[in-house]
>>> print(open('coords13.pdb').read())   # PDB, C-alpha atoms
MODEL        1
ATOM      1  CA  MET D   1      40.595 157.492-112.195
ATOM      2  CA  ARG D   2      38.989 160.830-111.310
ATOM      3  CA  GLN D   3      37.425 159.207-108.217
ATOM      4  CA  ILE D   4      40.845 157.964-107.155
ATOM      5  CA  ILE D   5      42.376 161.441-107.473
ATOM      6  CA  ALA D   6      39.434 162.913-105.538
ATOM      7  CA  ALA D   7      39.945 160.372-102.739
ATOM      8  CA  LEU D   8      43.675 161.104-102.690
ATOM      9  CA  VAL D   9      43.089 164.865-102.330
ATOM     10  CA  SER D  10      40.457 164.267 -99.647
ATOM     11  CA  GLY D  11      42.868 161.975 -97.784
ATOM     12  CA  ILE D  12      45.651 164.567 -97.947
ATOM     13  CA  LEU D  13      43.360 167.232 -96.452
ATOM     14  CA  PHE D  14      42.218 164.824 -93.741
ATOM     15  CA  GLY D  15      45.783 163.804 -92.829
ATOM     16  CA  LEU D  16      46.875 167.423 -92.809
ATOM     17  CA  GLY D  17      43.913 168.322 -90.593
ATOM     18  CA  LEU D  18      44.711 165.604 -88.056
ATOM     19  CA  ALA D  19      48.367 166.666 -87.939
ATOM     20  CA  VAL D  20      47.713 170.442 -87.804
ATOM     21  CA  SER D  21      45.228 169.966 -84.950
ATOM     22  CA  HIS D  22      47.761 167.829 -82.974
ATOM     23  CA  MET D  23      45.285 164.947 -82.880
ATOM     24  CA  VAL D  24      48.132 162.652 -84.019
ATOM     25  CA  ASP D  25      49.524 163.050 -80.488
ATOM     26  CA  PRO D  26      47.852 160.552 -78.118
ATOM     27  CA  ALA D  27      48.796 162.786 -75.156
ATOM     28  CA  LYS D  28      46.448 165.497 -76.532
ATOM     29  CA  VAL D  29      43.610 163.004 -76.902
ATOM     30  CA  ILE D  30      44.090 161.522 -73.430
ATOM     31  CA  ALA D  31      44.232 165.066 -71.999
ATOM     32  CA  PHE D  32      40.801 165.717 -73.550
ATOM     33  CA  LEU D  33      39.351 162.447 -72.242
ATOM     34  CA  ASP D  34      40.796 163.048 -68.780
ATOM     35  CA  VAL D  35      38.182 165.466 -67.496
ATOM     36  CA  ALA D  36      39.332 164.898 -63.909
ATOM     37  CA  GLY D  37      42.933 165.824 -64.750
ATOM     38  CA  HIS D  38      44.527 168.834 -66.456
ATOM     39  CA  TRP D  39      41.722 169.034 -69.038
ATOM     40  CA  ASP D  40      42.622 170.092 -72.577
ATOM     41  CA  PRO D  41      39.460 170.863 -74.589
ATOM     42  CA  SER D  42      41.287 171.042 -77.966
ATOM     43  CA  LEU D  43      39.668 167.857 -79.329
ATOM     44  CA  ALA D  44      36.190 169.308 -78.802
ATOM     45  CA  LEU D  45      37.150 172.323 -80.937
ATOM     46  CA  VAL D  46      38.574 170.063 -83.652
ATOM     47  CA  MET D  47      35.322 168.106 -83.818
ATOM     48  CA  GLY D  48      33.193 171.239 -83.554
ATOM     49  CA  SER D  49      35.065 172.932 -86.368
ATOM     50  CA  ALA D  50      34.954 169.843 -88.610
ATOM     51  CA  LEU D  51      31.236 169.443 -87.886
ATOM     52  CA  ALA D  52      30.470 173.079 -88.670
ATOM     53  CA  VAL D  53      32.215 172.941 -92.059
ATOM     54  CA  MET D  54      30.781 169.532 -92.955
ATOM     55  CA  ALA D  55      27.221 170.373 -91.862
ATOM     56  CA  ALA D  56      27.225 173.608 -93.876
ATOM     57  CA  ALA D  57      28.679 171.959 -96.993
ATOM     58  CA  GLN D  58      26.401 168.953 -96.708
ATOM     59  CA  ARG D  59      23.191 170.967 -96.838
ATOM     60  CA  TRP D  60      24.240 172.055-100.285
ATOM     61  CA  ILE D  61      25.852 168.777-101.419
ATOM     62  CA  LEU D  62      22.891 166.552-100.567
ATOM     63  CA  LYS D  63      20.487 168.786-102.503
ATOM     64  CA  ARG D  64      22.206 167.598-105.654
ATOM     65  CA  PRO D  65      20.752 164.485-107.294
ATOM     66  CA  ALA D  66      24.110 162.687-107.243
ATOM     67  CA  PRO D  67      27.782 163.288-106.468
ATOM     68  CA  LEU D  68      29.887 164.775-109.259
ATOM     69  CA  LEU D  69      31.871 161.610-110.062
ATOM     70  CA  ASP D  70      29.494 158.812-109.068
ATOM     71  CA  GLY D  71      25.943 157.706-109.843
ATOM     72  CA  ARG D  72      24.661 157.965-106.283
ATOM     73  CA  PHE D  73      25.472 158.912-102.706
ATOM     74  CA  HIS D  74      26.698 155.931-100.651
ATOM     75  CA  LEU D  75      25.187 156.885 -97.297
ATOM     76  CA  PRO D  76      24.321 154.508 -94.440
ATOM     77  CA  ARG D  77      20.568 153.931 -94.433
ATOM     78  CA  ARG D  78      20.118 152.167 -91.113
ATOM     79  CA  GLN D  79      18.403 154.095 -88.339
ATOM     80  CA  ASP D  80      17.880 151.476 -85.627
ATOM     81  CA  ILE D  81      19.926 151.629 -82.452
ATOM     82  CA  ASP D  82      20.913 148.059 -81.693
ATOM     83  CA  ALA D  83      23.176 146.218 -79.257
ATOM     84  CA  ARG D  84      25.985 145.970 -81.829
ATOM     85  CA  LEU D  85      26.121 149.735 -82.303
ATOM     86  CA  VAL D  86      26.250 150.342 -78.568
ATOM     87  CA  GLY D  87      28.495 147.380 -77.681
ATOM     88  CA  GLY D  88      30.904 148.106 -80.521
ATOM     89  CA  SER D  89      31.119 151.750 -79.499
ATOM     90  CA  VAL D  90      31.809 150.767 -75.876
ATOM     91  CA  LEU D  91      34.705 148.534 -77.023
ATOM     92  CA  PHE D  92      36.067 151.152 -79.413
ATOM     93  CA  GLY D  93      35.955 153.778 -76.652
ATOM     94  CA  LEU D  94      37.861 151.476 -74.270
ATOM     95  CA  GLY D  95      40.657 151.000 -76.810
ATOM     96  CA  TRP D  96      40.676 154.711 -77.661
ATOM     97  CA  GLY D  97      40.941 155.648 -73.988
ATOM     98  CA  ILE D  98      43.653 153.069 -73.203
ATOM     99  CA  VAL D  99      45.994 154.265 -75.977
ATOM    100  CA  GLY D 100      44.762 157.679 -77.152
ATOM    101  CA  PHE D 101      44.546 156.620 -80.796
ATOM    102  CA  CYS D 102      41.525 156.232 -83.030
ATOM    103  CA  PRO D 103      42.041 154.859 -86.579
ATOM    104  CA  GLY D 104      42.804 158.100 -88.486
ATOM    105  CA  PRO D 105      45.503 159.571 -86.218
ATOM    106  CA  ALA D 106      47.102 156.128 -85.820
ATOM    107  CA  ILE D 107      47.534 155.807 -89.598
ATOM    108  CA  VAL D 108      48.839 159.372 -90.037
ATOM    109  CA  SER D 109      51.340 158.845 -87.172
ATOM    110  CA  LEU D 110      52.886 155.929 -89.063
ATOM    111  CA  ASP D 111      54.788 158.746 -90.820
ATOM    112  CA  TYR D 112      56.604 159.833 -87.697
ATOM    113  CA  GLY D 113      58.837 156.841 -87.052
ATOM    114  CA  VAL D 114      57.529 155.671 -83.670
ATOM    115  CA  PRO D 115      57.661 151.833 -83.653
ATOM    116  CA  ALA D 116      54.787 151.526 -81.139
ATOM    117  CA  VAL D 117      52.456 153.144 -83.708
ATOM    118  CA  ALA D 118      53.027 150.246 -86.111
ATOM    119  CA  VAL D 119      52.266 147.780 -83.298
ATOM    120  CA  PHE D 120      48.984 149.570 -82.609
ATOM    121  CA  VAL D 121      47.985 149.679 -86.295
ATOM    122  CA  ALA D 122      48.808 145.971 -86.726
ATOM    123  CA  ALA D 123      46.669 145.107 -83.685
ATOM    124  CA  MET D 124      43.858 147.309 -85.041
ATOM    125  CA  LEU D 125      43.906 145.406 -88.355
ATOM    126  CA  GLY D 126      43.930 142.190 -86.306
ATOM    127  CA  GLY D 127      40.795 143.378 -84.495
ATOM    128  CA  MET D 128      39.066 144.039 -87.819
ATOM    129  CA  ILE D 129      39.995 140.577 -89.118
ATOM    130  CA  LEU D 130      38.803 139.042 -85.845
ATOM    131  CA  HIS D 131      35.470 140.833 -86.270
ATOM    132  CA  ARG D 132      35.090 139.363 -89.743
ATOM    133  CA  LEU D 133      35.964 135.841 -88.535
ATOM    134  CA  VAL D 134      33.567 136.033 -85.591
ATOM    135  CA  GLY D 135      30.815 137.339 -87.883
ATOM    136  CA  ARG D 136      31.364 134.430 -90.230
ATOM    137  CA  ALA D 137      31.350 131.865 -87.410
ATOM    138  CA  VAL D 138      28.097 133.297 -86.034
ATOM    139  CA  ALA D 139      26.460 133.260 -89.490
ATOM    140  CA  TRP D 140      27.521 129.638 -89.946
ATOM    141  CA  ARG D 141      26.090 128.690 -86.558
ATOM    142  CA  LEU D 142      22.796 130.403 -87.391
ATOM    143  CA  GLN D 143      22.658 128.590 -90.722
ATOM    144  CA  GLU D 144      23.271 125.261 -88.966
ATOM    145  CA  ALA D 145      20.489 126.036 -86.504
ATOM    146  CA  ASP D 146      18.106 126.876 -89.352
ATOM    147  CA  GLY D 147      18.923 123.772 -91.357
TER     148      GLY D 147
ATOM    149  CA  MET C 148      51.135 164.148 -69.343
ATOM    150  CA  ILE C 149      50.190 167.837 -69.334
ATOM    151  CA  THR C 150      49.216 169.382 -72.664
ATOM    152  CA  HIS C 151      48.082 172.913 -73.399
ATOM    153  CA  PHE C 152      44.862 174.069 -74.992
ATOM    154  CA  THR C 153      45.596 174.878 -78.650
ATOM    155  CA  PRO C 154      42.420 176.560 -79.936
ATOM    156  CA  TYR C 155      43.731 178.017 -83.226
ATOM    157  CA  SER C 156      45.358 174.852 -84.534
ATOM    158  CA  ALA C 157      42.316 172.876 -83.349
ATOM    159  CA  VAL C 158      39.890 175.044 -85.334
ATOM    160  CA  ALA C 159      42.165 175.146 -88.402
ATOM    161  CA  GLY C 160      42.784 171.386 -88.373
ATOM    162  CA  GLY C 161      39.109 170.679 -87.774
ATOM    163  CA  ALA C 162      38.157 172.871 -90.739
ATOM    164  CA  LEU C 163      40.545 170.875 -92.959
ATOM    165  CA  ILE C 164      38.923 167.640 -91.765
ATOM    166  CA  GLY C 165      35.445 169.051 -92.501
ATOM    167  CA  LEU C 166      36.608 170.186 -95.936
ATOM    168  CA  SER C 167      38.054 166.738 -96.653
ATOM    169  CA  ALA C 168      34.807 164.985 -95.668
ATOM    170  CA  ALA C 169      32.742 167.459 -97.725
ATOM    171  CA  LEU C 170      34.958 166.959-100.778
ATOM    172  CA  LEU C 171      34.701 163.158-100.620
ATOM    173  CA  LEU C 172      30.913 163.338-100.342
ATOM    174  CA  TRP C 173      30.517 165.985-103.053
ATOM    175  CA  LEU C 174      32.799 164.249-105.588
ATOM    176  CA  ASN C 175      32.566 160.509-104.809
ATOM    177  CA  GLY C 176      29.400 160.338-102.707
ATOM    178  CA  ARG C 177      31.374 158.532 -99.993
ATOM    179  CA  VAL C 178      31.504 158.946 -96.224
ATOM    180  CA  ALA C 179      34.974 159.781 -94.876
ATOM    181  CA  GLY C 180      34.819 157.086 -92.199
ATOM    182  CA  ILE C 181      38.366 155.922 -91.707
ATOM    183  CA  SER C 182      37.648 152.640 -89.902
ATOM    184  CA  GLY C 183      35.243 151.671 -92.707
ATOM    185  CA  ILE C 184      37.735 152.662 -95.411
ATOM    186  CA  VAL C 185      40.467 150.557 -93.772
ATOM    187  CA  ALA C 186      38.126 147.612 -93.155
ATOM    188  CA  GLY C 187      37.180 147.592 -96.847
ATOM    189  CA  LEU C 188      40.787 146.634 -97.582
ATOM    190  CA  VAL C 189      41.010 143.787 -95.077
ATOM    191  CA  PRO C 190      41.159 140.590 -97.149
ATOM    192  CA  PRO C 191      39.093 139.280 -98.812
ATOM    193  CA  ALA C 192      38.679 142.883 -99.936
ATOM    194  CA  THR C 193      35.483 144.172-101.512
ATOM    195  CA  ALA C 194      35.349 145.235-105.160
ATOM    196  CA  ARG C 195      36.088 148.947-104.785
ATOM    197  CA  ILE C 196      39.568 149.196-103.383
ATOM    198  CA  GLY C 197      41.146 151.921-105.546
ATOM    199  CA  TRP C 198      39.642 154.972-103.847
ATOM    200  CA  ARG C 199      40.223 153.449-100.393
ATOM    201  CA  VAL C 200      43.929 152.908-101.056
ATOM    202  CA  ALA C 201      44.159 156.450-102.496
ATOM    203  CA  PHE C 202      42.476 157.976 -99.437
ATOM    204  CA  LEU C 203      44.779 156.165 -97.003
ATOM    205  CA  LEU C 204      47.816 157.101 -99.090
ATOM    206  CA  GLY C 205      46.540 160.687 -98.894
ATOM    207  CA  LEU C 206      46.435 160.474 -95.083
ATOM    208  CA  LEU C 207      50.122 159.530 -95.083
ATOM    209  CA  ILE C 208      50.993 162.270 -97.582
ATOM    210  CA  GLY C 209      49.067 164.857 -95.544
ATOM    211  CA  GLY C 210      50.878 163.870 -92.354
ATOM    212  CA  GLY C 211      54.195 163.995 -94.212
ATOM    213  CA  LEU C 212      53.479 167.457 -95.656
ATOM    214  CA  TYR C 213      52.833 168.770 -92.166
ATOM    215  CA  ALA C 214      56.187 167.415 -90.934
ATOM    216  CA  LEU C 215      57.911 169.013 -93.960
ATOM    217  CA  TRP C 216      56.257 172.360 -93.266
ATOM    218  CA  LEU C 217      57.153 172.092 -89.593
ATOM    219  CA  GLY C 218      60.729 171.079 -90.367
ATOM    220  CA  HIS C 219      60.586 168.122 -87.941
ATOM    221  CA  VAL C 220      58.201 165.340 -86.985
ATOM    222  CA  PRO C 221      55.459 166.407 -84.566
ATOM    223  CA  PRO C 222      55.303 164.774 -81.115
ATOM    224  CA  VAL C 223      53.547 161.398 -80.848
ATOM    225  CA  ARG C 224      53.530 160.815 -77.090
ATOM    226  CA  LEU C 225      52.469 157.224 -76.475
ATOM    227  CA  ASP C 226      53.052 156.055 -72.936
ATOM    228  CA  THR C 227      51.282 152.700 -73.202
ATOM    229  CA  GLY C 228      53.203 149.448 -72.695
ATOM    230  CA  THR C 229      53.084 146.813 -75.421
ATOM    231  CA  PRO C 230      50.406 144.524 -73.868
ATOM    232  CA  LEU C 231      47.965 147.428 -73.423
ATOM    233  CA  LEU C 232      48.926 148.837 -76.822
ATOM    234  CA  VAL C 233      47.959 145.540 -78.484
ATOM    235  CA  LEU C 234      44.780 145.250 -76.420
ATOM    236  CA  GLY C 235      43.873 148.832 -77.333
ATOM    237  CA  GLY C 236      44.473 148.187 -81.037
ATOM    238  CA  LEU C 237      42.357 145.024 -80.993
ATOM    239  CA  LEU C 238      39.517 146.865 -79.218
ATOM    240  CA  VAL C 239      39.648 149.778 -81.668
ATOM    241  CA  GLY C 240      39.660 147.452 -84.696
ATOM    242  CA  PHE C 241      36.953 145.104 -83.426
ATOM    243  CA  GLY C 242      34.823 147.803 -81.792
ATOM    244  CA  THR C 243      34.729 150.146 -84.790
ATOM    245  CA  ARG C 244      33.582 147.289 -87.040
ATOM    246  CA  LEU C 245      30.934 146.058 -84.614
ATOM    247  CA  GLY C 246      29.727 149.616 -83.982
ATOM    248  CA  GLY C 247      29.938 150.586 -87.664
ATOM    249  CA  GLY C 248      32.248 153.583 -87.318
ATOM    250  CA  CYS C 249      34.757 155.658 -85.422
ATOM    251  CA  THR C 250      35.458 159.288 -84.611
ATOM    252  CA  SER C 251      35.387 160.284 -88.293
ATOM    253  CA  GLY C 252      32.462 158.230 -89.642
ATOM    254  CA  HIS C 253      30.136 158.568 -86.638
ATOM    255  CA  GLY C 254      31.679 161.590 -84.899
ATOM    256  CA  VAL C 255      32.048 163.954 -87.862
ATOM    257  CA  CYS C 256      30.126 162.630 -90.889
ATOM    258  CA  GLY C 257      27.234 160.982 -89.023
ATOM    259  CA  ILE C 258      26.581 163.736 -86.507
ATOM    260  CA  SER C 259      26.716 166.413 -89.220
ATOM    261  CA  ARG C 260      23.906 164.466 -90.932
ATOM    262  CA  LEU C 261      22.083 164.336 -87.566
ATOM    263  CA  SER C 262      22.074 160.537 -87.721
ATOM    264  CA  GLY C 263      20.612 159.137 -84.498
ATOM    265  CA  ARG C 264      22.874 156.085 -84.692
ATOM    266  CA  SER C 265      25.972 158.257 -84.944
ATOM    267  CA  ILE C 266      24.915 160.559 -82.111
ATOM    268  CA  VAL C 267      24.368 157.540 -79.833
ATOM    269  CA  ALA C 268      27.626 155.861 -80.955
ATOM    270  CA  THR C 269      29.663 159.024 -80.356
ATOM    271  CA  ALA C 270      28.144 159.603 -76.908
ATOM    272  CA  VAL C 271      28.858 155.966 -75.999
ATOM    273  CA  PHE C 272      32.477 155.841 -77.162
ATOM    274  CA  MET C 273      33.251 159.226 -75.581
ATOM    275  CA  ALA C 274      31.787 157.960 -72.299
ATOM    276  CA  SER C 275      33.594 154.614 -72.309
ATOM    277  CA  ALA C 276      36.881 156.296 -73.305
ATOM    278  CA  GLY C 277      36.477 158.850 -70.514
ATOM    279  CA  ALA C 278      35.680 156.079 -68.039
ATOM    280  CA  VAL C 279      38.738 153.982 -68.904
ATOM    281  CA  VAL C 280      41.009 157.050 -68.769
ATOM    282  CA  PHE C 281      39.628 157.882 -65.317
ATOM    283  CA  LEU C 282      40.215 154.305 -64.215
ATOM    284  CA  LEU C 283      43.776 154.130 -65.578
ATOM    285  CA  ARG C 284      44.916 157.631 -64.536
ATOM    286  CA  HIS C 285      43.107 158.186 -61.252
ATOM    287  CA  VAL C 286      42.012 154.874 -59.764
ATOM    288  CA  LEU C 287      44.735 152.383 -60.750
ATOM    289  CA  ALA C 288      47.604 154.873 -61.129
TER     290      ALA C 288
ENDMDL
END
>>> encode(input="coords13.pdb", output="structure tokens")
Amino acid sequence: MRQIIAALVSGILFGLGLAVSHMVDPAKVIAFLDVAGHWDPSLALVMGSALAVMAAAQRWILKRPAPLLDGRFHLPRRQDIDARLVGGSVLFGLGWGIVGFCPGPAIVSLDYGVPAVAVFVAAMLGGMILHRLVGRAVAWRLQEADG
Amino acid sequence: MITHFTPYSAVAGGALIGLSAALLLWLNGRVAGISGIVAGLVPPATARIGWRVAFLLGLLIGGGLYALWLGHVPPVRLDTGTPLLVLGGLLVGFGTRLGGGCTSGHGVCGISRLSGRSIVATAVFMASAGAVVFLLRHVLA
């Protein structure tokens, strides 16, 4: 229960941060990505500020043996740079650039009553399901090939 | 669409995002990677769904609080037609799963940990996003 409250509070701060920084507005994001147009560097400051706070806090947090409400830190352990990481990031960037939404701002914007936001979020969930289905099909193929 | 540089709200909002990510790591030991949190709820969902649902609910509450404080809903200027909107959503959903993260997980949490994977992922998605914006706004427009 305490973990659920902690996640709720963290989510509220995150949603507030995305809204306060205007990152819920795709026009602001596109204006950052459009370096050849009327460039708006706001997004870089949002990321820089978030990184500065997180990096400072993390130095202290990760010195602790475990998080306050859990037995261990659940951090990604992989360090290899593979084709999936690069290919997936290329695809994500294409979608982000086409619309101006990444997952967080899209979810927060569901609050603001724009029907197109719900279409985007539904398609995003569809993309995640598609990824799972493709992964399963590939695993099945590999298994067949092995057997 | 022309927007104006908003340095103060950018720094303040960014600090809130950093604080949120730090809190989730300090208390729950979890990375505030939104694409991963959402994907964990896509059926068949994994065992731990409670904190994921709570975090996403928090995102909606946070966005709502801002609108209440503002007194109106903030602008969400989407000028993408439905076919491209759907294509964009599919690419964001599929790409973040294949690449293991998005702007929050790789861009904020991963880079602050100096993860090589996250630094590469962020450079790649920034570059491909910039390239497609250039193509759509300056070449095809």
>>> interface_residues(input="coords13.pdb", of="chain C", to="chain D", cutoff="6 Å", atoms="only C-alpha atoms", output="PyMOL selection string")
chain C and resi 152-154+156-158+160-165+167+169+171+173-177+181-182+198+201-202+205-210+220+223-225+232-233+235-243+245-246+255+259+264+268+271-272+275-277+279-280
>>> atom_distance(input="coords13.pdb", atom1="atom CA of C:Val189", atom2="atom CA of D:Ala118")
16.3 Å
>>> residues_near_point(input="coords13.pdb", point="(29.1, 162.6, -89.6)", cutoff="9 Å", atoms="only C-alpha atoms", output="VMD selection string")
(chain D and resid 51 54 to 55) or (chain C and resid 168 178 to 180 250 to 262 265 to 266)
>>> atom_distance(input="coords13.pdb", atom1="atom CA of C:Ala270", atom2="atom CA of C:Pro230")
27.1 Å
>>> atom_distance(input="coords13.pdb", atom1="atom CA of C:Leu170", atom2="atom CA of C:Thr269")
22.5 Å
>>> axis_aligned_box(input="coords13.pdb", around="stretch 104-118 of chain D", padding_each_side="4 Å", output="JSON")
{"center_x": 50.8, "center_y": 155.0, "center_z": -86.0, "size_x": 24.0, "size_y": 17.6, "size_z": 17.7}
>>> build_atoms(input="coords13.pdb", residues="stretch 72-94 of chain D", atoms="N, CA and C atoms", output="compact mmCIF listing (two decimals), in the frame of the given file")
# COMPACT_ATOMS: atom_id res chain seq x y z
N ARG D 72 25.52 157.74 -107.45
CA ARG D 72 24.66 157.96 -106.28
C ARG D 72 25.49 158.20 -105.03
N PHE D 73 24.82 158.74 -104.01
CA PHE D 73 25.47 158.91 -102.71
C PHE D 73 25.46 157.58 -101.96
N HIS D 74 26.61 157.18 -101.40
CA HIS D 74 26.70 155.93 -100.65
C HIS D 74 26.60 156.26 -99.16
N LEU D 75 25.37 156.51 -98.70
CA LEU D 75 25.19 156.88 -97.30
C LEU D 75 24.57 155.72 -96.53
N PRO D 76 24.95 155.57 -95.24
CA PRO D 76 24.32 154.51 -94.44
C PRO D 76 22.82 154.78 -94.33
N ARG D 77 22.02 153.72 -94.47
CA ARG D 77 20.57 153.93 -94.43
C ARG D 77 19.93 153.48 -93.12
N ARG D 78 20.70 152.71 -92.35
CA ARG D 78 20.12 152.17 -91.11
C ARG D 78 19.82 153.28 -90.10
N GLN D 79 18.74 153.10 -89.36
CA GLN D 79 18.40 154.10 -88.34
C GLN D 79 18.18 153.48 -86.97
N ASP D 80 18.17 152.14 -86.91
CA ASP D 80 17.88 151.48 -85.63
C ASP D 80 19.10 151.51 -84.71
N ILE D 81 18.83 151.65 -83.42
CA ILE D 81 19.93 151.63 -82.45
C ILE D 81 19.93 150.26 -81.80
N ASP D 82 20.91 149.43 -82.18
CA ASP D 82 20.91 148.06 -81.69
C ASP D 82 22.10 147.80 -80.76
N ALA D 83 22.14 146.58 -80.23
CA ALA D 83 23.18 146.22 -79.26
C ALA D 83 24.57 146.26 -79.88
N ARG D 84 24.67 145.95 -81.18
CA ARG D 84 25.98 145.97 -81.83
C ARG D 84 26.55 147.38 -81.88
N LEU D 85 25.68 148.34 -82.23
CA LEU D 85 26.12 149.74 -82.30
C LEU D 85 26.65 150.19 -80.94
N VAL D 86 25.87 149.89 -79.91
CA VAL D 86 26.25 150.34 -78.57
C VAL D 86 27.45 149.55 -78.04
N GLY D 87 27.40 148.22 -78.17
CA GLY D 87 28.50 147.38 -77.68
C GLY D 87 29.80 147.67 -78.42
N GLY D 88 29.71 147.80 -79.73
CA GLY D 88 30.90 148.11 -80.52
C GLY D 88 31.50 149.45 -80.12
N SER D 89 30.64 150.42 -79.88
CA SER D 89 31.12 151.75 -79.50
C SER D 89 31.75 151.74 -78.11
N VAL D 90 31.19 150.91 -77.21
CA VAL D 90 31.81 150.77 -75.88
C VAL D 90 33.23 150.23 -76.05
N LEU D 91 33.38 149.16 -76.84
CA LEU D 91 34.70 148.53 -77.02
C LEU D 91 35.67 149.50 -77.69
N PHE D 92 35.20 150.18 -78.73
CA PHE D 92 36.07 151.15 -79.41
C PHE D 92 36.53 152.22 -78.42
N GLY D 93 35.61 152.73 -77.62
CA GLY D 93 35.96 153.78 -76.65
C GLY D 93 37.00 153.29 -75.65
N LEU D 94 36.88 152.02 -75.22
CA LEU D 94 37.86 151.48 -74.27
C LEU D 94 39.26 151.49 -74.90
